[in-house]
Amino acid sequence: DGGITQSPKYLFRKEGQNVTLSCEQNLNHDAMYWYRQDPGQGLRLIYYSQIVNDFQKGDIAEGYSVSREKKESFPLTVTSAQKNPTAFYLCASRGGTYYNEQFFGPGTRLTVL
Amino acid sequence: AQSVAQPEDQVNVAEGNPLTVKCTYSVSGNPYLFWYVQYPNRGLQFLLKYITGDNLVKGSYGFEAEFNKSQTSFHLKKPSALVSDSALYFCAVSFYNNNDMRFGAGTRLTVKP
């Protein structure tokens with residue numbers, strides 16, 4: 001069963017803690033993306049990666065970090081430097097050319113206590 | 001810079017009536033346009049896309065969209081709405097040799113029985 005998985009589904013964090021959100025895909029896609037979704041603001045791009053060991057900042061990268069050591073994995077770390085991390089985080093991947101659609105995972109809802 | 005706008009935060013229609021969810025875009029060059037749907041606490045699901053060719057694009061679940069270059073629009077339509085179509089709809093745009101995608105803020109569609 002091919003697709004994208006994200007874990008955990010819900011995550012609670014205390015202020016000052018770093019947390020890592022997992023994203024795994026078995027679609028053999030080269031490109032992977034992290035988005036943040038807030039009510040009324042649509043999706044905002046945090047980071048993306050076109051290939052293993054390479055990634056680029058999106059519009060709101062401050063306070064976040066990523067790695068791409070394996071093709072199938074693109075974890076996102078929310079650091080204590082992110083001032084307002086409570087949000088719904090979505091991971092996506094895209095295969096083939098740049099006009100192909102992205103496939104999305106089910107999301108992780110992060111709440112800072 | 002590329003961008004996409006969804007002028008309506010909310011659209012309400014009665015079941016069985018036609019529905020339209022509006023999207024306009026701003027991008028230099030030829031755009032690639034997408035529609036996605038999101039159900040509560042879920043990831044986005046791809047509905048349809050326009051790359052080139054016929055301006056009327058047909059997609060999943062009976063949805064279609066019309067690309068209008070002169071009006072820079074890509075409105076989503078369905079001839080007969082179902083209650084199960086109630087969800088959050090996102091329009092997105094990308095263009096040639098560009099790895100990222102820009103999303104609109106989303107339109108919440110409510111179909112009432």
# chains A, B, ... in the order shown; residues from 1 in each chain; ligands from 1
$ interface_residues --of "chain A" --to "chain B" --cutoff "10 Å" --atoms "only C-alpha atoms" --output "ChimeraX atom specification"
/A:4,9,31,33,37-45,47-50,58,88-92,94,97-109
$ select_by_dssp --residues "chain B" --states "strand (DSSP E or B)" --output "number ranges by chain"
B: 3-5, 10-14, 19-21, 24-26, 31-38, 44-50, 56-58, 64-68, 73-78, 87-95, 102-103, 107-112
$ residues_around --residues "Gln17 in chain A" --least-positions-apart "3" --cutoff "10 Å" --atoms "only C-alpha atoms" --output "MDAnalysis selection string"
chainID A and resid 13:14 78:81 112
$ write_last_selection --atoms "C-alpha atoms" --output "PDB file, in the first residue's frame"
ATOM      1  CA  ARG A  13       5.246  20.064  23.480  1.00  0.00           C
ATOM      2  CA  LYS A  14       6.277  22.181  26.372  1.00  0.00           C
ATOM      3  CA  VAL A  78      10.478  22.257  15.410  1.00  0.00           C
ATOM      4  CA  THR A  79      12.992  24.049  17.591  1.00  0.00           C
ATOM      5  CA  SER A  80      12.487  26.238  20.626  1.00  0.00           C
ATOM      6  CA  ALA A  81      13.297  29.207  18.391  1.00  0.00           C
ATOM      7  CA  VAL A 112       2.487  23.793  22.631  1.00  0.00           C
TER       8      VAL A 112
END
$ atom_distance --atom1 "CA of Ser22 in chain A" --atom2 "CA of Lys71 in chain A"
13.4 Å
$ atom_distance --atom1 "CA of Ala14 in chain B" --atom2 "CA of Phe63 in chain B"
16.3 Å
$ residues_around --residues "Ala5 in chain B" --least-positions-apart "6" --cutoff "7 Å" --atoms "only C-alpha atoms" --output "number ranges by chain"
B: 23-25, 104
$ closest_residue --among "A:Asn28, A:Gln6, A:Asn53, A:Asn18" --to "Thr77 in chain A" --atoms "only C-alpha atoms"
A:Asn18
$ residues_around --residues "Lys83 in chain A" --least-positions-apart "6" --cutoff "10 Å" --atoms "only C-alpha atoms" --output "list in words"
Glu15, Gly16, Glu62 and Gly63 of chain A
$ write_last_selection --atoms "N, CA, C and O atoms" --output "short mmCIF file (atom, residue, chain, number, x, y, z; two decimals), in the first residue's frame"
data_model
loop_
_atom_site.label_atom_id
_atom_site.label_comp_id
_atom_site.auth_asym_id
_atom_site.auth_seq_id
_atom_site.Cartn_x
_atom_site.Cartn_y
_atom_site.Cartn_z
N GLU A 15 6.93 24.47 26.18
CA GLU A 15 7.76 25.56 25.67
C GLU A 15 9.23 25.29 25.98
O GLU A 15 9.57 24.79 27.05
N GLY A 16 10.08 25.59 24.99
CA GLY A 16 11.51 25.40 25.17
C GLY A 16 12.02 24.05 24.70
O GLY A 16 13.22 23.80 24.70
N GLU A 62 12.29 29.84 9.49
CA GLU A 62 12.88 30.21 10.77
C GLU A 62 12.27 29.42 11.92
O GLU A 62 11.06 29.35 12.09
N GLY A 63 13.16 28.81 12.73
CA GLY A 63 12.70 28.03 13.86
C GLY A 63 12.46 26.56 13.54
O GLY A 63 12.03 25.81 14.41
#
$ residues_around --residues "Lys22 in chain B" --least-positions-apart "5" --cutoff "7 Å" --atoms "only C-alpha atoms" --output "number ranges by chain"
B: 6-7, 74-76
